[in-house]
file data-v6.cif (mmCIF, C-alpha atoms)
data_work
#
loop_
_atom_site.label_atom_id
_atom_site.label_comp_id
_atom_site.auth_asym_id
_atom_site.auth_seq_id
_atom_site.Cartn_x
_atom_site.Cartn_y
_atom_site.Cartn_z
CA MET L 90 82.86 132.85 109.63
CA ASP L 91 79.59 134.73 110.02
CA GLU L 92 76.22 133.67 111.44
CA THR L 93 75.00 132.48 108.03
CA ASP L 94 78.06 130.22 107.66
CA ARG L 95 77.38 128.84 111.14
CA ALA L 96 73.74 128.19 110.26
CA ILE L 97 74.81 126.36 107.08
CA ILE L 98 77.22 124.09 108.96
CA ASN L 99 74.76 123.40 111.76
CA MET L 100 71.89 122.57 109.39
CA LEU L 101 73.82 120.48 106.90
CA GLN L 102 75.23 118.21 109.61
CA GLY L 103 71.70 116.96 110.16
CA GLY L 104 71.13 115.83 106.59
CA PHE L 105 70.87 117.04 103.03
CA PRO L 106 67.77 117.00 100.85
CA ILE L 107 67.49 114.26 98.24
CA CYS L 108 65.60 115.84 95.38
CA GLU L 109 66.11 117.33 91.93
CA ARG L 110 67.56 120.63 93.28
CA PRO L 111 68.90 119.90 96.76
CA TYR L 112 70.92 123.12 97.06
CA ALA L 113 67.83 125.19 96.23
CA GLU L 114 65.79 123.33 98.85
CA ALA L 115 68.51 123.56 101.51
CA GLY L 116 69.00 127.23 100.64
CA ARG L 117 65.28 127.93 101.11
CA ALA L 118 65.41 126.42 104.60
CA LEU L 119 68.28 128.82 105.39
CA GLY L 120 66.75 131.85 103.68
CA LEU L 121 69.37 131.71 100.90
CA GLY L 122 69.28 131.26 97.16
CA GLU L 123 70.76 128.18 95.54
CA ASP L 124 73.76 130.05 94.10
CA GLU L 125 74.54 131.78 97.39
CA LEU L 126 74.49 128.47 99.28
CA LEU L 127 76.82 126.88 96.71
CA GLU L 128 79.18 129.88 96.92
CA ARG L 129 79.21 129.79 100.72
CA ILE L 130 79.92 126.04 100.84
CA ALA L 131 82.78 126.53 98.36
CA SER L 132 84.12 129.39 100.50
CA LEU L 133 83.90 127.31 103.71
CA LEU L 134 85.88 124.56 101.99
CA GLU L 135 88.45 126.99 100.54
CA ARG L 136 88.99 128.72 103.90
CA GLY L 137 89.40 125.37 105.70
CA PHE L 138 86.28 125.61 107.89
CA LEU L 139 85.10 122.42 106.17
CA SER L 140 87.51 119.70 105.10
CA ARG L 141 84.96 117.99 102.83
CA PHE L 142 81.32 118.20 101.88
CA GLY L 143 79.70 115.16 100.35
CA PRO L 144 77.79 111.97 100.96
CA MET L 145 78.82 109.12 103.21
CA TYR L 146 78.19 105.74 101.61
CA HIS L 147 77.92 102.33 103.23
CA ALA L 148 80.22 100.40 100.89
CA GLU L 149 79.15 97.04 102.29
CA ARG L 150 75.47 97.74 101.52
CA MET L 151 76.47 98.45 97.93
CA GLY L 152 78.40 95.18 97.56
CA GLY L 153 81.79 96.70 98.33
CA ALA L 154 84.08 96.56 101.33
CA LEU L 155 86.02 98.76 103.75
CA THR L 156 88.96 97.96 105.95
CA LEU L 157 91.49 99.74 108.11
CA ALA L 158 95.10 98.90 107.32
CA ALA L 159 98.37 99.69 109.04
CA MET L 160 102.06 99.54 108.17
CA ARG L 161 105.40 99.90 109.92
CA VAL L 162 107.45 102.22 107.73
CA PRO L 163 110.91 103.55 108.62
CA PRO L 164 110.76 107.34 108.91
CA SER L 165 113.42 107.66 106.22
CA ASP L 166 111.13 105.85 103.74
CA PHE L 167 107.79 107.26 104.88
CA GLU L 168 107.29 109.84 102.10
CA ARG L 169 108.08 107.33 99.33
CA VAL L 170 105.70 104.73 100.77
CA ALA L 171 102.95 107.30 101.42
CA ALA L 172 103.12 108.41 97.78
CA ILE L 173 102.76 104.81 96.59
CA VAL L 174 99.89 104.05 98.97
CA ASN L 175 98.08 107.28 98.10
CA ASP L 176 98.29 106.49 94.37
CA PHE L 177 95.84 103.61 94.87
CA PRO L 178 92.33 104.87 94.10
CA GLU L 179 90.99 102.54 96.81
CA VAL L 180 92.82 104.46 99.56
CA ALA L 181 90.22 106.69 101.16
CA HIS L 182 92.49 108.41 103.70
CA ASN L 183 96.02 107.90 104.97
CA TYR L 184 97.30 109.05 108.37
CA GLU L 185 100.73 109.20 109.97
CA ARG L 186 100.75 108.19 113.64
CA ALA L 187 103.40 108.31 116.36
CA HIS L 188 103.26 104.56 116.99
CA GLU L 189 105.08 101.38 116.02
CA PHE L 190 102.51 101.14 113.22
CA ASN L 191 103.05 104.64 111.89
CA MET L 192 100.98 104.56 108.67
CA TRP L 193 97.23 103.93 108.85
CA PHE L 194 94.85 104.05 105.91
CA VAL L 195 91.33 103.08 104.94
CA LEU L 196 90.67 100.97 101.87
CA ALA L 197 87.29 101.20 100.15
CA THR L 198 86.75 98.69 97.34
CA GLU L 199 83.95 97.76 94.97
CA THR L 200 84.10 94.09 95.99
CA PRO L 201 85.22 92.32 99.20
CA GLN L 202 87.88 90.27 97.36
CA ARG L 203 89.48 93.48 96.05
CA ILE L 204 90.66 94.32 99.60
CA GLY L 205 93.16 91.44 99.55
CA GLU L 206 94.25 92.28 96.00
CA VAL L 207 95.00 95.89 96.91
CA ILE L 208 96.82 94.91 100.10
CA ARG L 209 99.04 92.47 98.17
CA ALA L 210 99.73 95.13 95.50
CA ILE L 211 100.71 97.69 98.14
CA GLU L 212 103.03 95.14 99.77
CA ARG L 213 104.66 94.36 96.39
CA GLU L 214 105.13 98.01 95.46
CA THR L 215 106.36 99.25 98.85
CA GLY L 216 108.27 96.21 100.10
CA TYR L 217 106.53 96.38 103.50
CA PRO L 218 103.79 94.19 105.00
CA VAL L 219 100.27 95.62 105.32
CA TYR L 220 98.23 94.61 108.36
CA ASP L 221 94.54 94.27 107.58
CA MET L 222 92.26 95.23 110.47
CA PRO L 223 88.71 94.67 109.25
CA LYS L 224 85.74 96.03 111.16
CA GLN L 225 84.26 93.47 113.54
CA GLU L 226 81.37 95.55 114.81
CA GLU L 227 79.97 98.95 113.89
CA PHE L 228 78.64 101.59 116.27
CA TYR L 229 76.69 104.68 115.24
CA VAL L 230 77.88 107.68 117.23
CA GLY L 231 75.86 110.47 115.58
CA LEU L 232 78.59 113.05 116.11
CA ARG L 233 77.62 116.67 115.45
CA PHE L 234 79.57 119.84 116.06
CA VAL L 235 77.43 122.89 116.79
CA VAL L 236 79.18 126.06 115.61
#
call {"tool": "encode", "arguments": {"input": "data-v6.cif", "output": "structure tokens"}}
result
Amino acid sequence: MDETDRAIINMLQGGFPICERPYAEAGRALGLGEDELLERIASLLERGFLSRFGPMYHAERMGGALTLAAMRVPPSDFERVAAIVNDFPEVAHNYERAHEFNMWFVLATETPQRIGEVIRAIERETGYPVYDMPKQEEFYVGLRFVV
């Protein structure tokens, strides 16, 4: 990673322009052309310096819903269950944890009632109960990593 890559990461953590040509505008602020910025972001993703680059949406503000869910899955059945869970388009991310509840995933749905429907479908397809842990309160942390 060079100084330009660091500048890109540092700047883009603070926001991204909303306009007709956001990469051109962001590139200008960095002294880069639009194509070079796009190429560098793609390279940062490909090399693993960034795991994702994209917007963060508030599903609830758009009429949807989010919830954290957990399951107890025997280690011998973990891969099979993970594949089933990950096949649901509503599963945003799925994590294995060293805990009694060893599978944790986030559901993001277009409507609040869809959360229950997806949970019941996962239970039917996997044969294991899903524990819904909806958000009770939200805190804004404003986490940034200066590189």
call {"tool": "atom_distance", "arguments": {"input": "data-v6.cif", "atom1": "CA of Ile173 (chain L)", "atom2": "CA of Arg141 (chain L)"}}
result
23.0 Å
call {"tool": "resolve_selection", "arguments": {"input": "data-v6.cif", "expression": "the PyMOL selection byres ((chain L and resi 198) around 9)", "output": "ChimeraX atom specification"}}
result
/L:148,153-156,178-180,196-197,199-204,207
call {"tool": "residues_around", "arguments": {"input": "data-v6.cif", "residues": "Asp94 (chain L)", "least_positions_apart": "5", "cutoff": "10 Å", "atoms": "all atoms listed in the file", "output": "list in words"}}
result
Asn99, Met100, Leu126, Arg129, Ile130, Ser132, Leu133, Phe138 and Val236 of chain L
call {"tool": "residues_around", "arguments": {"input": "data-v6.cif", "residues": "Ala118 (chain L)", "least_positions_apart": "4", "cutoff": "10 Å", "atoms": "all atoms listed in the file", "output": "CSV table (one decimal) with C-alpha atoms, in the frame of the given file"}}
result
chain,number,residue,atom,x,y,z
L,97,ILE,CA,74.8,126.4,107.1
L,100,MET,CA,71.9,122.6,109.4
L,112,TYR,CA,70.9,123.1,97.1
L,113,ALA,CA,67.8,125.2,96.2
L,114,GLU,CA,65.8,123.3,98.8
L,122,GLY,CA,69.3,131.3,97.2
call {"tool": "closest_residue", "arguments": {"input": "data-v6.cif", "among": "L:Gly104, L:Glu189, L:Thr93, L:Ile211", "to": "Ala171 (chain L)", "atoms": "only C-alpha atoms"}}
result
L:Ile211
call {"tool": "atom_distance", "arguments": {"input": "data-v6.cif", "atom1": "CA of Asp91 (chain L)", "atom2": "CA of Val235 (chain L)"}}
result
13.8 Å
call {"tool": "atom_distance", "arguments": {"input": "data-v6.cif", "atom1": "CA of Ala172 (chain L)", "atom2": "CA of His188 (chain L)"}}
result
19.6 Å
call {"tool": "resolve_selection", "arguments": {"input": "data-v6.cif", "expression": "the PyMOL selection byres ((chain L and resi 220-225) around 6)", "output": "PyMOL selection string"}}
result
chain L and resi 156-159+219+226
call {"tool": "residues_near_point", "arguments": {"input": "data-v6.cif", "point": "(73.9, 110.2, 99.9)", "cutoff": "9 Å", "atoms": "all atoms listed in the file", "output": "NGL selection string"}}
result
:L and (105 or 107 or 143-146)
call {"tool": "closest_residue", "arguments": {"input": "data-v6.cif", "among": "L:Tyr229, L:Leu119, L:Thr215, L:Val195", "to": "Arg169 (chain L)", "atoms": "all atoms listed in the file"}}
result
L:Thr215
call {"tool": "residues_around", "arguments": {"input": "data-v6.cif", "residues": "Asn191 (chain L)", "least_positions_apart": "3", "cutoff": "12 Å", "atoms": "all atoms listed in the file", "output": "list in words"}}
result
Ala158, Ala159, Met160, Arg161, Val162, Pro163, Pro164, Asp166, Phe167, Glu168, Val170, Ala171, Asn183, Tyr184, Glu185, Arg186, Ala187, His188, Phe194, Val219 and Tyr220 of chain L
call {"tool": "closest_residue", "arguments": {"input": "data-v6.cif", "among": "L:Glu206, L:Phe234, L:Trp193, L:Glu125", "to": "Arg95 (chain L)", "atoms": "all atoms listed in the file"}}
result
L:Phe234
call {"tool": "closest_residue", "arguments": {"input": "data-v6.cif", "among": "L:Leu134, L:Ala181, L:Ile208, L:Leu101", "to": "Ala115 (chain L)", "atoms": "only C-alpha atoms"}}
result
L:Leu101
call {"tool": "closest_residue", "arguments": {"input": "data-v6.cif", "among": "L:Leu139, L:Ile98, L:Leu121, L:Val174", "to": "Arg213 (chain L)", "atoms": "all atoms listed in the file"}}
result
L:Val174
call {"tool": "residues_near_point", "arguments": {"input": "data-v6.cif", "point": "(78.4, 114.4, 111.2)", "cutoff": "6 Å", "atoms": "only C-alpha atoms", "output": "list in words"}}
result
Gln102, Leu232 and Arg233 of chain L
call {"tool": "axis_aligned_box", "arguments": {"input": "data-v6.cif", "around": "region 215-222 of chain L", "padding_each_side": "6 Å", "output": "lines of an AutoDock Vina configuration file"}}
result
center_x = 100.3
center_y = 96.7
center_z = 104.7
size_x = 28.0
size_y = 17.1
size_z = 23.6
